[in-house]
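*Asks:* My structure file protein.tsv, TSV, C-alpha atoms, is below:
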```tsv
chain	number	residue	atom	x	y	z
A	252	VAL	CA	65.10	-34.85	-15.32
A	253	LEU	CA	67.65	-32.66	-13.71
A	254	VAL	CA	66.45	-29.33	-12.39
A	255	LEU	CA	68.92	-26.79	-11.18
A	256	VAL	CA	67.27	-24.31	-8.89
A	257	ARG	CA	69.19	-21.57	-7.24
A	258	SER	CA	67.32	-21.28	-3.96
A	259	PRO	CA	68.69	-18.48	-1.85
A	260	LEU	CA	66.14	-19.13	0.98
A	261	PRO	CA	65.30	-22.45	2.62
A	262	ARG	CA	61.54	-21.51	2.54
A	263	LEU	CA	61.56	-21.12	-1.22
A	264	ARG	CA	63.38	-24.39	-1.58
A	265	ALA	CA	60.81	-26.16	0.57
A	266	LEU	CA	58.01	-24.64	-1.52
A	267	LEU	CA	59.60	-25.75	-4.77
A	268	GLN	CA	60.08	-29.24	-3.37
A	269	ARG	CA	56.40	-29.39	-2.43
A	270	CYS	CA	55.28	-28.15	-5.85
A	271	TRP	CA	57.52	-30.72	-7.56
A	272	GLY	CA	56.11	-33.42	-5.31
A	273	ARG	CA	52.55	-32.45	-6.29
A	274	LEU	CA	53.45	-32.47	-9.96
A	275	GLU	CA	54.98	-35.93	-9.63
A	276	ARG	CA	51.90	-37.25	-7.89
A	277	GLY	CA	49.57	-35.79	-10.46
A	278	LEU	CA	47.63	-33.60	-8.02
A	279	TRP	CA	48.14	-30.48	-10.13
A	280	PRO	CA	46.28	-31.16	-13.35
A	281	GLY	CA	46.05	-27.47	-14.28
A	282	VAL	CA	49.71	-27.27	-15.22
A	283	PHE	CA	49.73	-29.87	-18.01
A	284	GLY	CA	46.15	-29.38	-19.27
A	285	ASP	CA	43.39	-31.98	-19.09
A	286	HIS	CA	45.31	-35.18	-18.65
A	287	SER	CA	43.73	-37.58	-16.19
A	288	LEU	CA	47.14	-38.75	-14.97
A	289	PRO	CA	49.93	-36.36	-15.89
A	290	LEU	CA	53.42	-37.67	-15.95
A	291	GLY	CA	52.13	-41.12	-16.59
A	292	PRO	CA	54.04	-43.33	-19.06
A	293	ALA	CA	53.58	-41.97	-22.57
A	294	VAL	CA	54.55	-45.26	-24.15
A	295	ALA	CA	53.33	-48.72	-23.12
A	296	VAL	CA	56.52	-50.61	-22.15
A	297	GLN	CA	56.77	-54.05	-20.58
A	298	GLY	CA	58.99	-54.37	-17.59
A	299	PRO	CA	59.19	-54.60	-13.89
A	300	ALA	CA	59.25	-50.80	-13.67
A	301	LEU	CA	55.65	-50.71	-14.85
A	302	VAL	CA	54.20	-53.32	-12.48
A	303	PRO	CA	51.29	-51.74	-10.68
A	304	GLN	CA	52.68	-50.08	-7.64
A	305	GLY	CA	50.99	-52.24	-5.00
A	306	ILE	CA	47.41	-52.41	-3.80
A	307	ASN	CA	47.44	-49.39	-1.53
A	308	GLY	CA	49.23	-47.15	-4.00
A	309	SER	CA	47.08	-48.06	-7.02
A	310	GLY	CA	43.92	-48.06	-4.94
A	311	GLY	CA	44.77	-44.57	-3.83
A	312	SER	CA	45.76	-43.24	-7.26
A	313	SER	CA	43.07	-44.92	-9.38
A	314	ALA	CA	40.22	-44.21	-6.97
A	315	GLU	CA	41.02	-40.46	-6.98
A	316	ALA	CA	38.67	-39.77	-9.88
A	317	PRO	CA	35.57	-41.68	-8.61
A	318	ARG	CA	36.01	-40.13	-5.12
A	319	LEU	CA	35.97	-36.70	-6.74
A	320	LEU	CA	32.80	-37.54	-8.68
A	321	ASP	CA	31.17	-38.90	-5.50
A	322	SER	CA	31.79	-35.73	-3.55
A	323	ILE	CA	30.10	-33.45	-6.13
A	324	VAL	CA	26.49	-32.52	-5.11
A	325	TRP	CA	24.04	-33.91	-7.71
A	326	MET	CA	21.11	-31.59	-8.69
A	327	ALA	CA	17.59	-32.69	-9.66
A	328	ALA	CA	16.75	-32.54	-13.34
A	329	PRO	CA	13.72	-33.69	-15.33
A	330	LYS	CA	14.06	-37.13	-16.81
A	331	GLN	CA	11.49	-36.89	-19.59
A	332	ARG	CA	10.06	-34.10	-21.68
A	333	ARG	CA	6.60	-33.10	-20.44
A	334	THR	CA	4.05	-33.75	-23.15
A	335	ILE	CA	1.82	-31.00	-24.45
A	336	GLU	CA	-1.23	-32.74	-22.93
A	337	VAL	CA	0.29	-32.66	-19.46
A	338	ASN	CA	1.42	-29.08	-20.00
A	339	ARG	CA	-2.08	-28.03	-21.09
A	340	CYS	CA	-3.62	-29.62	-17.98
A	341	ARG	CA	-1.26	-27.66	-15.77
A	342	ARG	CA	-1.52	-24.33	-17.61
A	343	ARG	CA	-5.28	-24.31	-17.98
A	344	HIS	CA	-6.23	-25.40	-14.47
A	345	PRO	CA	-9.00	-23.11	-13.09
A	346	THR	CA	-6.81	-21.85	-10.24
A	347	LYS	CA	-4.29	-20.55	-12.75
A	348	LEU	CA	-6.75	-18.64	-14.93
A	349	ILE	CA	-7.58	-14.98	-14.32
A	350	GLU	CA	-10.88	-14.57	-12.43
A	351	ILE	CA	-13.65	-12.81	-14.32
A	352	LYS	CA	-15.07	-9.80	-12.49
A	353	ARG	CA	-18.83	-9.73	-12.18
A	354	ASN	CA	-19.01	-6.54	-10.08
A	355	ILE	CA	-18.76	-3.98	-12.91
A	356	ASP	CA	-21.66	-1.56	-13.34
A	357	VAL	CA	-22.53	1.64	-15.15
A	358	CYS	CA	-22.25	4.90	-13.21
A	359	PRO	CA	-25.72	6.54	-13.17
A	360	GLU	CA	-24.25	10.07	-13.31
A	361	CYS	CA	-21.82	9.92	-16.23
A	362	GLY	CA	-22.36	6.49	-17.82
A	363	ASN	CA	-18.78	5.26	-17.45
A	364	LEU	CA	-18.04	1.81	-16.10
A	365	LYS	CA	-17.27	1.44	-12.40
A	366	GLN	CA	-16.86	-1.34	-9.88
A	367	LYS	CA	-19.76	-1.62	-7.49
A	368	HIS	CA	-17.81	-0.90	-4.30
A	369	VAL	CA	-15.49	1.76	-5.82
A	370	LEU	CA	-16.22	5.39	-6.73
A	371	CYS	CA	-16.60	6.22	-10.43
A	372	GLY	CA	-13.20	7.37	-11.78
A	373	TYR	CA	-14.60	10.13	-13.97
A	374	CYS	CA	-16.86	11.63	-11.30
A	375	TYR	CA	-14.05	11.45	-8.73
A	376	ALA	CA	-11.64	13.21	-11.12
A	377	LYS	CA	-14.24	15.98	-11.55
A	378	VAL	CA	-14.62	16.43	-7.79
A	379	LYS	CA	-10.84	16.26	-7.27
A	380	GLU	CA	-10.26	19.08	-9.79
A	381	GLU	CA	-12.88	21.28	-8.17
A	382	THR	CA	-11.42	20.56	-4.71
A	383	ARG	CA	-7.99	21.55	-5.99
A	384	LEU	CA	-9.30	24.91	-7.21
A	385	VAL	CA	-11.12	25.54	-3.92
A	386	ARG	CA	-7.90	24.73	-2.03
A	387	MET	CA	-5.96	27.19	-4.21
A	388	GLU	CA	-8.42	29.92	-3.21
A	389	ILE	CA	-8.03	28.92	0.46
A	390	HIS	CA	-4.26	29.10	0.12
A	391	LYS	CA	-4.48	32.58	-1.41
A	392	LYS	CA	-6.74	33.71	1.41
A	393	GLU	CA	-4.55	32.27	4.18
A	394	GLY	CA	-1.36	33.73	2.74
A	395	GLY	CA	1.22	31.49	4.35
A	396	PRO	CA	1.65	28.09	6.01
A	397	PHE	CA	0.17	27.20	9.44
A	398	ASN	CA	-2.62	29.79	9.22
A	399	ALA	CA	-5.61	27.49	9.65
A	400	PRO	CA	-8.50	29.61	10.98
A	401	ALA	CA	-10.53	28.65	14.03
A	402	VAL	CA	-13.86	29.10	12.19
A	403	GLU	CA	-15.81	27.02	9.69
A	404	THR	CA	-15.50	27.61	5.95
A	405	VAL	CA	-18.15	27.92	3.25
A	406	VAL	CA	-17.67	27.97	-0.53
A	407	LEU	CA	-19.81	30.39	-2.58
A	408	TYR	CA	-20.00	30.62	-6.36
A	409	GLU	CA	-20.81	33.56	-8.66
A	410	GLY	CA	-23.81	35.59	-7.66
A	411	GLU	CA	-24.43	33.91	-4.32
A	412	LYS	CA	-24.89	35.69	-1.04
A	413	PRO	CA	-24.10	34.18	2.37
A	414	THR	CA	-27.28	33.06	4.14
A	415	GLU	CA	-27.98	33.49	7.86
A	416	LYS	CA	-26.65	29.93	8.41
A	417	ASP	CA	-23.20	31.14	7.20
A	418	GLU	CA	-22.97	33.73	9.95
A	419	GLY	CA	-19.49	33.41	11.47
A	420	LYS	CA	-17.90	31.40	8.69
A	421	ARG	CA	-14.94	32.27	6.47
A	422	ILE	CA	-16.17	32.70	2.87
A	423	ILE	CA	-14.23	31.28	-0.09
A	424	GLU	CA	-15.30	32.67	-3.48
A	425	ARG	CA	-15.03	30.65	-6.66
A	426	ALA	CA	-15.26	32.57	-9.94
A	427	ARG	CA	-17.64	30.30	-11.80
A	428	LYS	CA	-21.25	29.18	-11.89
A	429	ARG	CA	-22.23	26.60	-9.27
A	430	PRO	CA	-21.86	23.05	-10.73
A	431	SER	CA	-25.09	21.03	-10.80
A	432	TRP	CA	-23.69	18.28	-8.60
A	433	PHE	CA	-22.65	20.64	-5.79
A	434	VAL	CA	-25.90	21.28	-3.98
A	435	GLN	CA	-25.94	24.29	-1.68
A	436	ASN	CA	-27.22	23.49	1.81
B	1406	MET	CA	0.50	-22.05	29.30
B	1407	ARG	CA	2.11	-20.73	26.17
B	1408	LEU	CA	5.21	-18.79	27.13
B	1409	SER	CA	6.33	-17.83	23.64
B	1410	VAL	CA	4.55	-17.08	20.41
B	1411	ALA	CA	5.53	-19.05	17.32
B	1412	ALA	CA	6.81	-16.75	14.60
B	1413	ALA	CA	4.60	-16.15	11.51
B	1414	ILE	CA	1.31	-16.66	13.42
B	1415	SER	CA	-0.60	-13.41	13.89
B	1416	HIS	CA	-4.08	-14.55	14.94
B	1417	GLY	CA	-6.05	-11.79	16.57
B	1418	ARG	CA	-3.58	-8.98	15.91
B	1419	VAL	CA	-5.57	-5.87	15.02
B	1420	TYR	CA	-2.84	-3.36	14.18
B	1421	ARG	CA	-1.20	-3.43	10.74
B	1422	ARG	CA	2.57	-3.02	10.41
B	1423	PHE	CA	3.73	0.16	8.69
B	1424	GLY	CA	7.06	1.92	8.29
B	1425	LEU	CA	10.34	0.85	9.86
B	1426	SER	CA	9.25	0.24	13.48
B	1427	PRO	CA	6.20	0.70	15.78
B	1428	ARG	CA	7.35	4.25	16.54
B	1429	SER	CA	7.66	4.96	12.83
B	1430	ARG	CA	4.16	3.55	12.28
B	1431	LEU	CA	2.76	5.98	14.86
B	1432	ASP	CA	4.63	8.88	13.24
B	1433	LEU	CA	3.21	7.96	9.84
B	1434	LEU	CA	-0.34	7.80	11.19
B	1435	ARG	CA	0.21	11.02	13.09
B	1436	ASN	CA	1.16	12.81	9.86
B	1437	LEU	CA	-1.97	11.47	8.20
B	1438	VAL	CA	-4.21	12.61	11.10
B	1439	THR	CA	-2.65	16.09	10.95
B	1440	ALA	CA	-3.25	16.24	7.20
B	1441	LEU	CA	-6.87	15.12	7.63
B	1442	VAL	CA	-7.56	17.79	10.26
B	1443	ARG	CA	-5.94	20.45	8.07
B	1444	HIS	CA	-7.44	19.57	4.67
B	1445	GLU	CA	-10.58	17.66	5.78
B	1446	ARG	CA	-10.21	15.25	2.85
B	1447	ILE	CA	-7.13	13.20	1.90
B	1448	GLU	CA	-6.33	10.50	-0.61
B	1449	THR	CA	-3.99	7.75	0.62
B	1450	PRO	CA	-3.55	3.98	0.34
B	1451	TRP	CA	-6.56	2.16	1.74
B	1452	ALA	CA	-4.70	0.33	4.49
B	1453	ARG	CA	-3.27	3.57	5.89
B	1454	ALA	CA	-6.64	5.31	5.72
B	1455	ASP	CA	-8.34	2.40	7.49
B	1456	GLU	CA	-5.69	2.35	10.23
B	1457	MET	CA	-5.79	6.11	10.66
B	1458	ARG	CA	-9.57	6.27	10.88
B	1459	GLY	CA	-9.75	4.84	14.39
B	1460	TYR	CA	-7.10	7.22	15.72
B	1461	ALA	CA	-8.80	10.26	14.11
B	1462	GLU	CA	-12.21	9.41	15.57
B	1463	ARG	CA	-10.79	8.82	19.05
B	1464	LEU	CA	-8.99	12.17	18.81
B	1465	ILE	CA	-12.30	13.90	18.05
B	1466	ASP	CA	-13.88	12.08	21.01
B	1467	TYR	CA	-11.13	13.46	23.22
B	1468	ALA	CA	-11.65	16.94	21.72
B	1469	LYS	CA	-15.36	16.78	22.55
B	1470	ARG	CA	-14.40	16.73	26.25
B	1471	GLY	CA	-13.42	20.39	25.90
B	1472	ASP	CA	-10.05	22.10	25.84
B	1473	LYS	CA	-9.92	22.63	29.61
B	1474	ASP	CA	-9.39	18.86	29.96
B	1475	GLU	CA	-5.73	18.08	30.58
B	1476	ARG	CA	-5.74	14.66	28.88
B	1477	ALA	CA	-7.55	16.03	25.82
B	1478	MET	CA	-4.99	18.80	25.42
B	1479	ARG	CA	-2.06	16.39	25.78
B	1480	MET	CA	-3.60	14.04	23.18
B	1481	ALA	CA	-4.15	16.89	20.74
B	1482	ASP	CA	-0.61	18.12	21.37
B	1483	PHE	CA	0.85	14.71	20.52
B	1484	TRP	CA	-1.35	13.87	17.53
B	1485	LEU	CA	-1.33	17.23	15.74
B	1486	THR	CA	2.19	18.19	14.73
B	1487	GLU	CA	1.07	21.60	13.40
B	1488	LYS	CA	0.02	23.54	16.47
B	1489	ASP	CA	-2.45	25.91	14.79
B	1490	LEU	CA	-4.63	22.85	14.12
B	1491	ILE	CA	-5.19	22.35	17.85
B	1492	HIS	CA	-7.24	25.56	17.82
B	1493	LYS	CA	-9.17	24.30	14.76
B	1494	LEU	CA	-9.80	20.94	16.44
B	1495	PHE	CA	-11.25	22.38	19.65
B	1496	LYS	CA	-13.08	25.37	18.16
B	1497	VAL	CA	-14.37	24.01	14.83
B	1498	LEU	CA	-14.44	20.20	14.78
B	1499	ALA	CA	-15.62	19.57	18.37
B	1500	PRO	CA	-18.75	21.81	18.03
B	1501	ARG	CA	-19.42	20.43	14.53
B	1502	PHE	CA	-19.54	16.84	15.81
B	1503	GLN	CA	-21.14	17.52	19.21
B	1504	PRO	CA	-24.60	16.19	18.15
B	1505	HIS	CA	-23.13	13.04	16.52
B	1506	PRO	CA	-22.47	10.05	18.82
B	1507	GLY	CA	-19.70	8.60	16.61
B	1508	SER	CA	-18.45	7.94	13.02
B	1509	TYR	CA	-17.13	11.36	12.09
B	1510	THR	CA	-15.23	10.17	9.03
B	1511	ARG	CA	-16.20	8.66	5.69
B	1512	LEU	CA	-13.89	6.16	3.94
B	1513	LEU	CA	-14.49	5.47	0.24
B	1514	GLN	CA	-12.43	3.39	-2.17
B	1515	ILE	CA	-11.04	4.93	-5.37
B	1516	PRO	CA	-9.77	3.30	-8.60
B	1517	ASN	CA	-6.23	1.92	-8.12
B	1518	ARG	CA	-3.28	4.30	-8.25
B	1519	ASP	CA	-1.90	5.11	-11.74
B	1520	GLY	CA	1.73	4.35	-10.89
B	1521	LEU	CA	3.60	1.06	-11.25
B	1522	ASP	CA	2.33	-0.35	-7.95
B	1523	ARG	CA	-1.44	-0.02	-8.75
B	1524	ALA	CA	-2.06	0.37	-5.00
B	1525	LYS	CA	-5.56	0.19	-3.55
B	1526	MET	CA	-6.36	3.83	-2.75
B	1527	ALA	CA	-9.05	5.41	-0.63
B	1528	VAL	CA	-10.27	8.90	0.15
B	1529	ILE	CA	-11.05	9.67	3.80
B	1530	GLU	CA	-12.91	12.83	4.73
B	1531	LEU	CA	-14.51	14.41	7.78
B	1532	LYS	CA	-18.28	14.61	7.51
B	1533	GLY	CA	-19.71	18.11	7.15
B	1534	ASN	CA	-16.68	19.50	5.33
B	1535	PRO	CA	-17.13	22.56	3.06
B	1536	LEU	CA	-15.57	20.89	0.00
B	1537	PRO	CA	-17.60	19.62	-3.01
B	1538	PRO	CA	-19.36	16.33	-2.14
B	1539	LEU	CA	-17.89	13.03	-3.33
B	1540	VAL	CA	-21.11	11.03	-3.57
B	1541	ARG	CA	-24.55	12.30	-4.36
B	1542	PRO	CA	-27.26	10.59	-2.32
B	1543	ARG	CA	-29.55	8.89	-4.81
B	1544	ARG	CA	-33.24	8.60	-4.25
B	1545	ASP	CA	-34.91	5.52	-5.62
B	1546	SER	CA	-36.47	6.01	-9.05
B	1547	ASP	CA	-40.20	6.69	-9.22
B	1548	LYS	CA	-40.76	3.63	-11.45
B	1549	THR	CA	-40.02	1.02	-8.74
B	1550	LEU	CA	-42.95	-1.14	-7.61
B	1551	LEU	CA	-42.96	0.14	-4.03
B	1552	ASN	CA	-42.88	3.79	-5.15
B	1553	GLN	CA	-45.72	3.24	-7.64
B	1554	LEU	CA	-47.86	1.56	-4.95
B	1555	LEU	CA	-47.16	4.40	-2.51
B	1556	LYS	CA	-48.05	6.94	-5.23
B	1557	GLY	CA	-51.34	5.14	-5.88
B	1558	TYR	CA	-52.10	5.08	-2.15
B	1559	ARG	CA	-51.37	8.82	-1.86
B	1560	GLN	CA	-53.68	9.58	-4.82
B	1561	ASP	CA	-56.49	7.47	-3.33
B	1562	ALA	CA	-56.12	9.25	0.00
B	1563	GLN	CA	-56.28	12.67	-1.72
B	1564	ARG	CA	-59.38	11.67	-3.71
B	1565	ALA	CA	-61.05	10.46	-0.52
B	1566	ALA	CA	-60.09	13.63	1.38
B	1567	ALA	CA	-60.93	16.14	-1.42
B	1568	PRO	CA	-64.78	16.09	-1.78
```
In structure tokens, what does this structure look like?
*Replies:*
Amino acid sequence: VLVLVRSPLPRLRALLQRCWGRLERGLWPGVFGDHSLPLGPAVAVQGPALVPQGINGSGGSSAEAPRLLDSIVWMAAPKQRRTIEVNRCRRRHPTKLIEIKRNIDVCPECGNLKQKHVLCGYCYAKVKEETRLVRMEIHKKEGGPFNAPAVETVVLYEGEKPTEKDEGKRIIERARKRPSWFVQN
Amino acid sequence: MRLSVAAAISHGRVYRRFGLSPRSRLDLLRNLVTALVRHERIETPWARADEMRGYAERLIDYAKRGDKDERAMRMADFWLTEKDLIHKLFKVLAPRFQPHPGSYTRLLQIPNRDGLDRAKMAVIELKGNPLPPLVRPRRDSDKTLLNQLLKGYRQDAQRAAAP
């Protein structure tokens, strides 16, 4: 095959020579698609030209493929399908099951369920709401930020007068009847 | 003699790790202590509340020394970022807890947070705060065996004393 290349630069010429050499040797399989040995003889012809090219040459060229396969890292994969019996044993082992909770009780105040060591959610929500309203009143009384007073505070509901224990305390008024669970001291 | 500690062993370490660094952990706890002194009841993750509890109680112990004490004032100045709370600490909280020898806070667990993380939450409050109470102290019912026996004993004593 005659190839006429006009190579203005010696670098380009050297590059083209190298590429051609790779093509000849079959180390560039991407160019001609998936042939194992590109540029091999397309037709089986008898003759001295097709004697195997010597031990070193053929050893080198024919062992290319196995060497490539040897250098790939092999990953572990299951050999057999796991049977449903084995799968059941693994999936239903006691350590994998969800633990049943035996520490659930009934709240004596409201009757909802609660864990023994945790506050009742309903009763806590009630107290949280009332605390929020008391804090709103405190905020209104203080006016702005960083105005915490240097005296105690006491919360009084409708119709309640401060006792002699609440002498020097700041009084927060809430406009509702005293709830049954908030006992006045 | 062990000269270096193997990584991933933490036997005997009492302080939890929070935030980005030890300094950041102290800043986080400092914010929580300030919030507790201001609002007297806060709701936070349980681990933070547990960690903060020790620092808050030691701060009150320092405040009990009185505000003339130099160390107490420096501690309060570091731990309370909002400076009007220093007055509240020395004038309100120290006299309130003067009769108590210790344990000025109450830590109670709450149902897990509603968000995606379902974190274990707790509410920590100073005892004697003016807010509505979280837990009502329950007296034992009158129908228990011990209470019935005590009631019978009281009645017998009254009958013997009466005539």
*Asks:* Could you write out as a count of residues only the residues of chain A within 7 Å of chain B, counting all atoms listed in the file?
*Replies:* 17
*Asks:* Which distance in Å separates CA of Asn1436 in chain B and CA of Lys1525 in chain B, to one decimal?
*Replies:*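 Answer for the CA of Asn1436 in chain B to CA of Lys1525 in chain B separation: 19.6 Å.
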*Asks:* Point out the residue among B:Ile1465, B:Met1457, B:Ala1477, B:Ala1413 with the least atom-to-atom distance to Leu1431 in chain B, counting all atoms listed in the file.
*Replies:*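 Of B:Ile1465, B:Met1457, B:Ala1477, B:Ala1413, the one nearest Leu1431 in chain B, counting all atoms listed in the file, is B:Met1457.
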*Asks:* Between CA of Val1419 in chain B and CA of Asp1455 in chain B, what is the distance, to one decimal in Å?
*Replies:*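 Rounded to one decimal, the two atoms are 11.5 Å apart.
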*Asks:* Quick one, how far is CA of Ala1499 in chain B from CA of Ala1468 in chain B?
*Replies:*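 Computed distance, CA of Ala1499 in chain B to CA of Ala1468 in chain B, equals 5.8 Å.
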*Asks:* Around all of range 1530-1541 of chain B's listed atoms, make the axis-aligned box with 6 Å on each side and tell me centre and edge lengths in Å to one decimal, as JSON.
*Replies:*
```
{"center_x": -18.7, "center_y": 16.8, "center_z": 1.7, "size_x": 23.6, "size_y": 23.5, "size_z": 24.1}
```
